[in-house]
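Written out below as structure tokens is the structure these notes cover.
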Amino acid sequence: MSLTKVISVAWIGLNRNKLRSLLTMLGVIIGVSAVIIMVSVSTGTETTIQEQINTLGTNLLFVQSSFTRGGPGQGPPSGGLVYDDAFAIADEINGVKGVVVEQNSSETVKAGNVTIEDVSILGTTPDFPSVRDMELASGRYFTQTDLNRKQKVAVLGASLAEELFGDTPAVGQLIRVGDTKLTVIGVMQGKGMSGNVNYDTYLFTPITVVFEKFTPNQFARLFGDRVRMIYVEVENQDVREDAIYQIELLLARRHDVSLDEANFIIRTQDDIIETREATTAAFRNLLGWVAGVSLLVGGIGIMNIMLVSVTERTREIGIRQSVGATPNDIRMQFLTEALLLSLVGGLIGVITGVGGSWLFGVMGDMRTVVAPVSIVVAFSSAAAVGVFFGYYPANKAAMLDPIEALRHE
Amino acid sequence: MTAKAIIQTINLTKIYGMGDIQVEALKDVNLEIHEGEFVAVMGPSGSGKSTLMNILGCLDRPTSGQYLLAGEDVSNLDKVQLARIRNRKIGFVFQSYNLLPRTNALENVMLPMLYDPTNHASQDEQRERALRVLESVHLADRVHHQPHELSGGQSQRVAIARALINDPVLLLADEPTGNLDSHSGQEILALLVDLNSQGSTIVMVTHEDGIAAHAKRVIQFLDGGVVTDRLNGHRSRERLIRSLKKENANVAN
């Protein structure tokens, strides 16, 4: 039998039971679209992370609190990074170009009769624009003096300025942030999304102001102004290792701990990339397994239905055998039916997978990147599942005895 | 007889083994059926006639002995070779028609061509051929009907058309009128007689004497062997053909 005839016979067979065929395909559809959606989500996340790391600038060190917990019966972890550590690093370590600390908050911002709720507020230090590679469109960024004196000044992200003031120059205007009045001293240039953060909608203010006015948790102030992370920019790669060692010694002394039981970690960009890659690889493997299992379930569904179909159509098989169908003709017919189920299911799965990825991106506000390789892998796995799980029922059909088959009611 | 032998069996034996109990369904059957014959095979159930038909139809193989179909020994062929023989040399007509459900008359008739690897005719040519054969069994106006839309007699005529599509050397009919009312049965019989008069070799199983009377030769089976093998009188046959021709004329009108 020619291939086109084999396919058309199988197609007719499937069309007789449209609903059942569709339900059978469902397993494959879900499996394939799961693979594509999951991979696109993880690829999107990876891309975001990569971009985030890239926008951080090179030669960056990340100093982080590590809350090494004590044994049972001991109190909560003490120490951790405080705001003053950042300045100690800036003042005492050689080869440091800039130090940035960040503290996030959010408040309602008013300017004239415009009110915007939940504006992201980023308390930082004067080195922020250079460390983060951002530029001002007008006015100036705040200085160390502003920081030390806790000057109530603000620098606006480009789109925030636009929303608050429209075409009117923002610099020099007064705005009300929560209960505090701030003077706008600068507007940043638009940068769009950097990583998953859009700094254009942010309001920047000295971190000291955030500590004093916008920190929701007063408890945090008991041990000094805690910070989660200190970004340290070193002058070049050559001084990096030395700078790390110096920072470690400095912080150990300041926190009164030995290096072995340090309550902070210093990581380089390379470390972070490595960790992230390991995490995303593990994540991707997990998704791969999940998707693989759903494809397997889909395959078992196909086998199940094909077995039912072979039993139901025993007489049809007998008729075909009596007019000259060879075992191979019968095998091919049922194998092709299984393959068509999985291929059509795979195709629908690809479409829903790509559509679903897009939908996830739009609805879930997350970044999804459909990886072509995931389409190829998912689709060919579906085909393989069809052949693998279709073979046994098809072979069973092919091996039927024509006399028995014809007698079957 | 000068006509060539279509069926020749030599000590054909079929034993069904069920553990220690062995049933001899056929015992040393020696038969010779020539081209152009119309043979009725009769006998009570369990006499071995179904077993014989299965072997003659290449659906089954003998335990021992030989079966020559149109001179070719087919007793020891494998499944694939048997399928090819069924496809090209044998046409089956069953008691229960055995048409594919949800498949129209035309597609049912075309089915054997689908499995013929030597048939390289285009789809249109195959369709043309199937239409001609359906026309020859007076079903030109039913080609797109599905089996459930056809009467028993019409279904059986579709089955006969399907049996004829690949120009078989042998037409096997297993109680072809068994499921039909007497009128439809007569029509089917007339069709078989007509085909035989055009040269088809037909072997038909029946248990009705009235049906067997229309065959040229009647073979009686009992306990796995032939008990009588006789030729029907010419007179009765000619009378039948006359009456059938009249009937056909009535049908046509």
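Please note that chains go A, B, ... in the order of the structure tokens, that every chain numbers its residues from 1, and that ligands are numbered from 1 in the order shown.
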
Write out, as a tab-separated table, each residue of chain B that has an atom at most 9 Å from chain A, together with the closest pair of atoms and their distance in Å to one decimal, counting only C-alpha atoms, rows going by chain and rising number.
```
residue	atom	partner	partner_atom	distance
B:Asn54	CA	A:Ile403	CA	7.6
B:Gly57	CA	A:Ser322	CA	8.5
B:Cys58	CA	A:Ser322	CA	8.8
B:Leu59	CA	A:Pro402	CA	6.4
B:Asp60	CA	A:Ile403	CA	7.7
B:Lys79	CA	A:Thr326	CA	7.2
B:Val80	CA	A:Thr326	CA	5.3
B:Gln81	CA	A:Thr326	CA	8.3
B:Leu82	CA	A:Gly324	CA	8.0
B:Ala83	CA	A:Gly324	CA	4.5
B:Arg84	CA	A:Gly324	CA	5.6
B:Ile85	CA	A:Gly324	CA	7.3
B:Arg86	CA	A:Gly324	CA	5.2
B:Asn87	CA	A:Gly324	CA	3.9
B:Arg88	CA	A:Gly324	CA	7.6
B:Ile90	CA	A:Val323	CA	8.2
B:Gly91	CA	A:Val323	CA	7.5
B:Phe92	CA	A:Ser322	CA	7.5
B:Asn98	CA	A:Ile319	CA	6.4
B:Leu99	CA	A:Ile319	CA	7.4
B:Leu100	CA	A:Glu316	CA	6.2
B:Pro101	CA	A:Glu316	CA	8.2
B:Arg102	CA	A:Arg16	CA	7.9
B:Leu111	CA	A:Val323	CA	7.5
B:Pro112	CA	A:Val323	CA	5.3
B:Met113	CA	A:Val323	CA	8.9
B:Leu114	CA	A:Met1	CA	6.5
B:Tyr115	CA	A:Ala325	CA	5.5
B:Asp116	CA	A:Gly324	CA	7.4
B:Pro117	CA	A:Met1	CA	6.3
B:Arg162	CA	A:Val323	CA	8.6
B:Ala163	CA	A:Val323	CA	7.9
```

Restricting the output to C-alpha atoms, write the selected residues as a PDB file, in the first residue's frame.
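selection.pdb, written as the output of this step:
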```pdb
ATOM      1  CA  ASN B  54     -11.446 -21.797   5.151  1.00  0.00           C
ATOM      2  CA  GLY B  57     -10.175 -19.648   0.776  1.00  0.00           C
ATOM      3  CA  CYS B  58      -6.582 -19.602   1.997  1.00  0.00           C
ATOM      4  CA  LEU B  59      -7.694 -18.327   5.396  1.00  0.00           C
ATOM      5  CA  ASP B  60      -6.300 -21.492   6.945  1.00  0.00           C
ATOM      6  CA  LYS B  79       0.631 -15.545   6.164  1.00  0.00           C
ATOM      7  CA  VAL B  80       1.785 -12.891   3.743  1.00  0.00           C
ATOM      8  CA  GLN B  81       1.705 -15.193   0.726  1.00  0.00           C
ATOM      9  CA  LEU B  82      -1.750 -16.438   1.721  1.00  0.00           C
ATOM     10  CA  ALA B  83      -2.952 -12.845   1.980  1.00  0.00           C
ATOM     11  CA  ARG B  84      -1.667 -12.169  -1.538  1.00  0.00           C
ATOM     12  CA  ILE B  85      -3.482 -15.276  -2.863  1.00  0.00           C
ATOM     13  CA  ARG B  86      -6.710 -14.190  -1.153  1.00  0.00           C
ATOM     14  CA  ASN B  87      -6.283 -10.769  -2.642  1.00  0.00           C
ATOM     15  CA  ARG B  88      -5.702 -11.759  -6.250  1.00  0.00           C
ATOM     16  CA  ILE B  90     -10.136 -15.561  -4.417  1.00  0.00           C
ATOM     17  CA  GLY B  91     -13.352 -13.659  -3.976  1.00  0.00           C
ATOM     18  CA  PHE B  92     -15.307 -14.198  -0.759  1.00  0.00           C
ATOM     19  CA  ASN B  98     -19.047  -8.480   5.983  1.00  0.00           C
ATOM     20  CA  LEU B  99     -18.983  -5.000   4.541  1.00  0.00           C
ATOM     21  CA  LEU B 100     -16.958  -2.327   6.325  1.00  0.00           C
ATOM     22  CA  PRO B 101     -19.357  -0.203   8.366  1.00  0.00           C
ATOM     23  CA  ARG B 102     -19.542   3.542   7.761  1.00  0.00           C
ATOM     24  CA  LEU B 111     -11.052  -2.300  -0.765  1.00  0.00           C
ATOM     25  CA  PRO B 112      -9.324  -5.334  -2.340  1.00  0.00           C
ATOM     26  CA  MET B 113      -7.531  -3.061  -4.841  1.00  0.00           C
ATOM     27  CA  LEU B 114      -6.082  -1.144  -1.883  1.00  0.00           C
ATOM     28  CA  TYR B 115      -4.227  -4.262  -0.795  1.00  0.00           C
ATOM     29  CA  ASP B 116      -3.041  -5.302  -4.253  1.00  0.00           C
ATOM     30  CA  PRO B 117       0.589  -4.223  -4.612  1.00  0.00           C
ATOM     31  CA  ARG B 162     -16.128  -6.630  -3.942  1.00  0.00           C
ATOM     32  CA  ALA B 163     -15.366 -10.330  -4.476  1.00  0.00           C
TER      33      ALA B 163
END
```

DSSP strand (DSSP E) selection over stretch 37-139 of chain B, as a PyMOL selection string: chain B and resi 38-42+64-69+72-73+90-93

Export N, CA and C atoms of the chosen residues as a PDB file, in the first residue's frame?
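Saved the output as part_37.pdb:
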```pdb
ATOM      1  N   PHE B  38     -19.906 -24.800 -11.002  1.00  0.00           N
ATOM      2  CA  PHE B  38     -20.668 -24.163  -9.928  1.00  0.00           C
ATOM      3  C   PHE B  38     -21.017 -25.278  -8.953  1.00  0.00           C
ATOM      4  N   VAL B  39     -20.266 -25.331  -7.845  1.00  0.00           N
ATOM      5  CA  VAL B  39     -20.378 -26.454  -6.934  1.00  0.00           C
ATOM      6  C   VAL B  39     -21.067 -26.017  -5.641  1.00  0.00           C
ATOM      7  N   ALA B  40     -22.060 -26.804  -5.227  1.00  0.00           N
ATOM      8  CA  ALA B  40     -22.674 -26.563  -3.926  1.00  0.00           C
ATOM      9  C   ALA B  40     -22.115 -27.583  -2.951  1.00  0.00           C
ATOM     10  N   VAL B  41     -21.647 -27.086  -1.795  1.00  0.00           N
ATOM     11  CA  VAL B  41     -21.141 -27.982  -0.764  1.00  0.00           C
ATOM     12  C   VAL B  41     -22.191 -28.021   0.339  1.00  0.00           C
ATOM     13  N   MET B  42     -22.645 -29.236   0.652  1.00  0.00           N
ATOM     14  CA  MET B  42     -23.704 -29.379   1.653  1.00  0.00           C
ATOM     15  C   MET B  42     -23.246 -30.271   2.788  1.00  0.00           C
ATOM     16  N   SER B  64      -2.219 -31.640   6.909  1.00  0.00           N
ATOM     17  CA  SER B  64      -1.417 -32.406   5.948  1.00  0.00           C
ATOM     18  C   SER B  64      -2.184 -32.497   4.642  1.00  0.00           C
ATOM     19  N   GLY B  65      -1.536 -33.002   3.624  1.00  0.00           N
ATOM     20  CA  GLY B  65      -2.141 -33.059   2.305  1.00  0.00           C
ATOM     21  C   GLY B  65      -1.822 -31.800   1.524  1.00  0.00           C
ATOM     22  N   GLN B  66      -2.300 -31.769   0.301  1.00  0.00           N
ATOM     23  CA  GLN B  66      -1.963 -30.662  -0.569  1.00  0.00           C
ATOM     24  C   GLN B  66      -3.204 -29.983  -1.109  1.00  0.00           C
ATOM     25  N   TYR B  67      -3.050 -28.702  -1.333  1.00  0.00           N
ATOM     26  CA  TYR B  67      -4.128 -27.948  -1.979  1.00  0.00           C
ATOM     27  C   TYR B  67      -3.499 -27.154  -3.108  1.00  0.00           C
ATOM     28  N   LEU B  68      -3.932 -27.470  -4.324  1.00  0.00           N
ATOM     29  CA  LEU B  68      -3.430 -26.736  -5.481  1.00  0.00           C
ATOM     30  C   LEU B  68      -4.519 -25.796  -5.962  1.00  0.00           C
ATOM     31  N   LEU B  69      -4.211 -24.526  -5.978  1.00  0.00           N
ATOM     32  CA  LEU B  69      -5.171 -23.535  -6.471  1.00  0.00           C
ATOM     33  C   LEU B  69      -4.679 -23.061  -7.836  1.00  0.00           C
ATOM     34  N   GLU B  72      -1.223 -24.009  -8.508  1.00  0.00           N
ATOM     35  CA  GLU B  72      -0.171 -23.577  -7.581  1.00  0.00           C
ATOM     36  C   GLU B  72      -0.401 -24.196  -6.209  1.00  0.00           C
ATOM     37  N   ASP B  73       0.647 -24.821  -5.674  1.00  0.00           N
ATOM     38  CA  ASP B  73       0.508 -25.433  -4.348  1.00  0.00           C
ATOM     39  C   ASP B  73       0.499 -24.336  -3.289  1.00  0.00           C
ATOM     40  N   ILE B  90      -8.911 -15.085  -5.044  1.00  0.00           N
ATOM     41  CA  ILE B  90     -10.136 -15.561  -4.417  1.00  0.00           C
ATOM     42  C   ILE B  90     -11.077 -14.397  -4.108  1.00  0.00           C
ATOM     43  N   GLY B  91     -12.351 -14.630  -4.381  1.00  0.00           N
ATOM     44  CA  GLY B  91     -13.352 -13.659  -3.976  1.00  0.00           C
ATOM     45  C   GLY B  91     -14.271 -14.309  -2.952  1.00  0.00           C
ATOM     46  N   PHE B  92     -14.465 -13.628  -1.816  1.00  0.00           N
ATOM     47  CA  PHE B  92     -15.307 -14.198  -0.759  1.00  0.00           C
ATOM     48  C   PHE B  92     -16.683 -13.542  -0.752  1.00  0.00           C
ATOM     49  N   VAL B  93     -17.699 -14.376  -0.569  1.00  0.00           N
ATOM     50  CA  VAL B  93     -19.031 -13.838  -0.271  1.00  0.00           C
ATOM     51  C   VAL B  93     -19.491 -14.529   1.006  1.00  0.00           C
TER      52      VAL B  93
END
```

Choose the residue, out of B:Asp124, B:Asp141, B:Asp174, B:Asp181, that has the smallest atom-to-atom separation from B:Gln95; count only C-alpha atoms.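 Ranked by minimum distance to B:Gln95, first place goes to B:Asp174.
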
Go through B:Thr103, B:Asn232, B:Ser197, B:Asn30 and flag the residue nearest B:Asp209, using only C-alpha atoms for the distances. B:Asn232

Among the residues A:Thr336, A:Asn304, A:Gln173, A:Ser159, the one that comes closest to A:Asp200 [using only C-alpha atoms]: A:Ser159

Find the spatial neighbours of stretch 268-272 of chain A, counting only C-alpha atoms, within a cut-off of 7 Å - ignore same-chain residues fewer than 4 positions away - and output them as a PDB file with C-alpha atoms, in the first residue's frame.
```pdb
ATOM      1  CA  LEU A  60      31.148  44.287  40.599  1.00  0.00           C
ATOM      2  CA  LEU A  61      31.282  42.525  43.962  1.00  0.00           C
ATOM      3  CA  PHE A  62      28.209  41.577  45.917  1.00  0.00           C
ATOM      4  CA  ARG A 276      22.059  31.025  38.619  1.00  0.00           C
TER       5      ARG A 276
END
```

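Nearest residue to A:Ala252, choosing from A:Leu81, A:Ile305, A:Met229, A:Ile37 and counting only C-alpha atoms: A:Leu81.
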
What's the separation between atom CA of A:Ile247 and atom CA of A:Val100, in Å to one decimal place? 14.5 Å

Best match for closeness to A:Thr180 among A:Phe214, A:Tyr391, A:Tyr202, A:Phe283, counting only C-alpha atoms: A:Phe214

Close residues, A:Val63 itself excluded, 7 Å, only C-alpha atoms, min 5 positions apart in chain, as an NGL selection string: :A and (229-231 or 264-267)

Near A:Val41, within 9 Å and counting only C-alpha atoms, which residues show up once chain neighbours fewer than 2 positions away are dropped, as a PDB file with N, CA and C atoms, in the first residue's frame?
```pdb
ATOM      1  N   ILE A  36       6.760  23.094  26.005  1.00  0.00           N
ATOM      2  CA  ILE A  36       7.070  24.371  25.360  1.00  0.00           C
ATOM      3  C   ILE A  36       6.892  25.533  26.337  1.00  0.00           C
ATOM      4  N   ILE A  37       5.789  25.524  27.078  1.00  0.00           N
ATOM      5  CA  ILE A  37       5.537  26.624  28.011  1.00  0.00           C
ATOM      6  C   ILE A  37       6.609  26.656  29.103  1.00  0.00           C
ATOM      7  N   MET A  38       6.893  25.484  29.673  1.00  0.00           N
ATOM      8  CA  MET A  38       7.858  25.449  30.765  1.00  0.00           C
ATOM      9  C   MET A  38       9.237  25.901  30.306  1.00  0.00           C
ATOM     10  N   VAL A  39       9.649  25.408  29.139  1.00  0.00           N
ATOM     11  CA  VAL A  39      10.961  25.811  28.642  1.00  0.00           C
ATOM     12  C   VAL A  39      10.968  27.303  28.332  1.00  0.00           C
ATOM     13  N   THR A  43      13.508  29.775  29.941  1.00  0.00           N
ATOM     14  CA  THR A  43      14.412  30.514  29.053  1.00  0.00           C
ATOM     15  C   THR A  43      14.248  32.011  29.279  1.00  0.00           C
ATOM     16  N   GLY A  44      12.989  32.434  29.446  1.00  0.00           N
ATOM     17  CA  GLY A  44      12.729  33.845  29.703  1.00  0.00           C
ATOM     18  C   GLY A  44      13.396  34.308  30.985  1.00  0.00           C
ATOM     19  N   THR A  45      13.280  33.477  32.017  1.00  0.00           N
ATOM     20  CA  THR A  45      13.903  33.815  33.294  1.00  0.00           C
ATOM     21  C   THR A  45      15.411  33.910  33.149  1.00  0.00           C
ATOM     22  N   GLU A  46      15.964  32.950  32.427  1.00  0.00           N
ATOM     23  CA  GLU A  46      17.418  32.958  32.233  1.00  0.00           C
ATOM     24  C   GLU A  46      17.870  34.221  31.510  1.00  0.00           C
ATOM     25  N   SER A 357       2.541  30.239  25.992  1.00  0.00           N
ATOM     26  CA  SER A 357       3.734  30.978  26.422  1.00  0.00           C
ATOM     27  C   SER A 357       3.487  32.477  26.290  1.00  0.00           C
ATOM     28  N   PHE A 360       1.053  33.551  28.965  1.00  0.00           N
ATOM     29  CA  PHE A 360       1.749  33.609  30.243  1.00  0.00           C
ATOM     30  C   PHE A 360       2.513  34.919  30.357  1.00  0.00           C
ATOM     31  N   GLY A 361       3.189  35.273  29.265  1.00  0.00           N
ATOM     32  CA  GLY A 361       3.991  36.486  29.253  1.00  0.00           C
ATOM     33  C   GLY A 361       3.115  37.706  29.486  1.00  0.00           C
ATOM     34  N   MET A 366       5.302  37.969  33.015  1.00  0.00           N
ATOM     35  CA  MET A 366       6.640  37.390  33.109  1.00  0.00           C
ATOM     36  C   MET A 366       7.201  37.238  31.719  1.00  0.00           C
ATOM     37  N   ARG A 367       8.490  37.081  31.693  1.00  0.00           N
ATOM     38  CA  ARG A 367       9.125  37.033  30.395  1.00  0.00           C
ATOM     39  C   ARG A 367       9.167  35.597  29.920  1.00  0.00           C
ATOM     40  N   THR A 368       8.664  35.343  28.703  1.00  0.00           N
ATOM     41  CA  THR A 368       8.743  33.993  28.152  1.00  0.00           C
ATOM     42  C   THR A 368       9.409  34.066  26.791  1.00  0.00           C
ATOM     43  N   VAL A 369      10.338  33.175  26.562  1.00  0.00           N
ATOM     44  CA  VAL A 369      11.009  33.110  25.280  1.00  0.00           C
ATOM     45  C   VAL A 369      10.812  31.697  24.738  1.00  0.00           C
ATOM     46  N   VAL A 370      10.043  31.567  23.654  1.00  0.00           N
ATOM     47  CA  VAL A 370       9.805  30.237  23.086  1.00  0.00           C
ATOM     48  C   VAL A 370      11.082  29.753  22.412  1.00  0.00           C
TER      49      VAL A 370
END
```

State, in Å with one decimal place, the distance from atom CA of A:Glu404 to atom CA of B:Leu171.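 Taking atom CA of A:Glu404 and atom CA of B:Leu171, their separation equals 21.0 Å.
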
Go through A:Val32, A:Trp11, A:Ala170, A:Thr48 one by one, measure the shortest atom-to-atom distance of each to A:Gly349 using only C-alpha atoms, and give the residue with the smallest value.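 Of the candidates, the smallest distance to A:Gly349 is held by A:Val32.
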
Counting only C-alpha atoms, what is within 10 Å of stretch 142-157 of chain A, bar same-chain residues fewer than 2 positions away, as number ranges by chain? A: 121-128, 136-140, 159-162, 164, 170-175, 177, 180-191, 198-213

How would the residues just chosen look if you wrote them out with N, CA and C atoms as a short mmCIF file (atom, residue, chain, number, x, y, z; two decimals), in the first residue's frame?
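See again_30.cif below for the written result:
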```
data_model
loop_
_atom_site.label_atom_id
_atom_site.label_comp_id
_atom_site.auth_asym_id
_atom_site.auth_seq_id
_atom_site.Cartn_x
_atom_site.Cartn_y
_atom_site.Cartn_z
N ILE A 121 10.23 53.23 45.60
CA ILE A 121 11.24 54.18 46.07
C ILE A 121 12.53 53.43 46.29
N LEU A 122 13.58 53.94 45.71
CA LEU A 122 14.86 53.28 45.89
C LEU A 122 15.80 54.22 46.62
N GLY A 123 16.12 53.85 47.87
CA GLY A 123 17.11 54.61 48.59
C GLY A 123 18.48 54.10 48.21
N THR A 124 19.33 55.00 47.70
CA THR A 124 20.66 54.54 47.28
C THR A 124 21.72 55.54 47.73
N THR A 125 22.89 55.34 47.21
CA THR A 125 24.04 56.19 47.51
C THR A 125 24.45 56.91 46.23
N PRO A 126 25.30 57.92 46.33
CA PRO A 126 25.62 58.74 45.15
C PRO A 126 26.26 57.97 43.99
N ASP A 127 26.89 56.83 44.28
CA ASP A 127 27.56 56.10 43.21
C ASP A 127 26.60 55.33 42.31
N PHE A 128 25.32 55.29 42.67
CA PHE A 128 24.36 54.46 41.94
C PHE A 128 24.40 54.66 40.42
N LEU A 136 21.76 61.02 33.77
CA LEU A 136 20.70 61.96 34.08
C LEU A 136 20.29 62.73 32.85
N ALA A 137 19.00 63.01 32.74
CA ALA A 137 18.50 63.79 31.61
C ALA A 137 18.57 65.28 31.96
N SER A 138 18.29 65.59 33.21
CA SER A 138 18.38 66.98 33.65
C SER A 138 18.64 67.02 35.15
N GLY A 139 19.09 68.14 35.61
CA GLY A 139 19.38 68.30 37.03
C GLY A 139 20.61 67.52 37.44
N ARG A 140 20.64 67.04 38.65
CA ARG A 140 21.81 66.32 39.15
C ARG A 140 21.36 65.17 40.04
N SER A 159 9.78 58.12 33.19
CA SER A 159 8.33 58.05 32.98
C SER A 159 7.55 58.54 34.20
N LEU A 160 8.17 58.41 35.39
CA LEU A 160 7.53 58.94 36.59
C LEU A 160 7.43 60.46 36.50
N ALA A 161 8.53 61.08 36.04
CA ALA A 161 8.56 62.54 35.88
C ALA A 161 7.49 62.97 34.88
N GLU A 162 7.39 62.23 33.81
CA GLU A 162 6.41 62.52 32.76
C GLU A 162 4.98 62.46 33.32
N LEU A 164 4.05 62.76 36.46
CA LEU A 164 3.78 63.75 37.50
C LEU A 164 3.69 65.16 36.95
N ALA A 170 10.60 69.24 35.72
CA ALA A 170 10.37 68.71 37.07
C ALA A 170 11.36 69.26 38.08
N VAL A 171 12.54 69.55 37.60
CA VAL A 171 13.59 69.96 38.53
C VAL A 171 13.18 71.24 39.26
N GLY A 172 13.30 71.21 40.59
CA GLY A 172 12.96 72.37 41.40
C GLY A 172 11.57 72.28 41.99
N GLN A 173 10.75 71.36 41.48
CA GLN A 173 9.38 71.22 42.00
C GLN A 173 9.38 70.51 43.34
N LEU A 174 8.29 70.74 44.07
CA LEU A 174 8.13 70.04 45.34
C LEU A 174 7.15 68.88 45.15
N ILE A 175 7.48 67.74 45.72
CA ILE A 175 6.52 66.65 45.70
C ILE A 175 6.32 66.13 47.11
N VAL A 177 5.89 62.82 49.24
CA VAL A 177 6.05 61.37 49.22
C VAL A 177 5.63 60.85 50.59
N THR A 180 6.13 63.11 53.64
CA THR A 180 7.35 63.90 53.59
C THR A 180 7.42 64.70 52.29
N LYS A 181 7.84 65.95 52.39
CA LYS A 181 8.02 66.76 51.18
C LYS A 181 9.44 66.65 50.69
N LEU A 182 9.58 66.35 49.41
CA LEU A 182 10.91 66.25 48.80
C LEU A 182 11.02 67.23 47.65
N THR A 183 12.23 67.73 47.42
CA THR A 183 12.47 68.60 46.27
C THR A 183 13.09 67.77 45.15
N VAL A 184 12.53 67.94 43.96
CA VAL A 184 13.09 67.21 42.81
C VAL A 184 14.35 67.91 42.36
N ILE A 185 15.47 67.17 42.34
CA ILE A 185 16.73 67.80 41.91
C ILE A 185 17.21 67.25 40.58
N GLY A 186 16.60 66.16 40.11
CA GLY A 186 17.07 65.61 38.83
C GLY A 186 16.07 64.63 38.25
N VAL A 187 16.20 64.41 36.93
CA VAL A 187 15.39 63.41 36.23
C VAL A 187 16.34 62.51 35.45
N MET A 188 16.12 61.18 35.58
CA MET A 188 17.00 60.23 34.89
C MET A 188 16.61 60.13 33.42
N GLN A 189 17.58 59.67 32.64
CA GLN A 189 17.26 59.38 31.25
C GLN A 189 16.48 58.06 31.18
N GLY A 190 15.56 57.99 30.22
CA GLY A 190 14.79 56.74 30.07
C GLY A 190 15.72 55.59 29.70
N LYS A 191 15.49 54.45 30.32
CA LYS A 191 16.35 53.30 30.03
C LYS A 191 15.54 52.07 29.65
N ASN A 198 11.95 48.13 35.86
CA ASN A 198 11.88 49.32 35.04
C ASN A 198 12.18 50.53 35.93
N TYR A 199 13.44 50.95 35.90
CA TYR A 199 13.86 52.06 36.77
C TYR A 199 13.23 53.38 36.36
N ASP A 200 12.63 53.42 35.16
CA ASP A 200 12.01 54.66 34.70
C ASP A 200 10.83 55.07 35.58
N THR A 201 10.28 54.09 36.29
CA THR A 201 9.11 54.40 37.13
C THR A 201 9.51 54.62 38.59
N TYR A 202 10.82 54.63 38.85
CA TYR A 202 11.30 54.72 40.23
C TYR A 202 11.52 56.15 40.68
N LEU A 203 11.50 56.27 41.98
CA LEU A 203 11.91 57.54 42.58
C LEU A 203 13.17 57.24 43.39
N PHE A 204 14.24 58.01 43.13
CA PHE A 204 15.50 57.77 43.83
C PHE A 204 15.70 58.85 44.89
N THR A 205 16.15 58.40 46.04
CA THR A 205 16.36 59.37 47.12
C THR A 205 17.52 58.86 47.97
N PRO A 206 18.20 59.72 48.73
CA PRO A 206 19.29 59.22 49.55
C PRO A 206 18.81 58.12 50.49
N ILE A 207 19.61 57.10 50.66
CA ILE A 207 19.20 55.94 51.47
C ILE A 207 18.93 56.36 52.91
N THR A 208 19.63 57.42 53.34
CA THR A 208 19.42 57.89 54.71
C THR A 208 18.01 58.41 54.89
N VAL A 209 17.47 59.01 53.83
CA VAL A 209 16.10 59.52 53.89
C VAL A 209 15.12 58.35 53.99
N VAL A 210 15.41 57.28 53.21
CA VAL A 210 14.54 56.10 53.25
C VAL A 210 14.56 55.49 54.64
N PHE A 211 15.76 55.41 55.22
CA PHE A 211 15.86 54.85 56.57
C PHE A 211 15.01 55.63 57.56
N GLU A 212 15.08 56.97 57.40
CA GLU A 212 14.42 57.80 58.39
C GLU A 212 12.92 57.92 58.18
N LYS A 213 12.54 58.02 56.91
CA LYS A 213 11.14 58.34 56.64
C LYS A 213 10.31 57.18 56.09
#
```

If you count only C-alpha atoms, which residues fall within 10 Å of B:Ser151, apart from same-chain ones fewer than 6 positions away, as an mmCIF file with C-alpha atoms, in the first residue's frame?
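Resulting contents of result_32.cif:
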```cif
data_model
loop_
_atom_site.group_PDB
_atom_site.id
_atom_site.type_symbol
_atom_site.label_atom_id
_atom_site.label_comp_id
_atom_site.auth_asym_id
_atom_site.auth_seq_id
_atom_site.Cartn_x
_atom_site.Cartn_y
_atom_site.Cartn_z
ATOM 1 C CA ARG B 157 -24.558 -7.641 -4.125
ATOM 2 C CA LEU B 180 -31.906 -13.129 3.081
ATOM 3 C CA SER B 184 -33.630 -11.525 -2.261
#
```
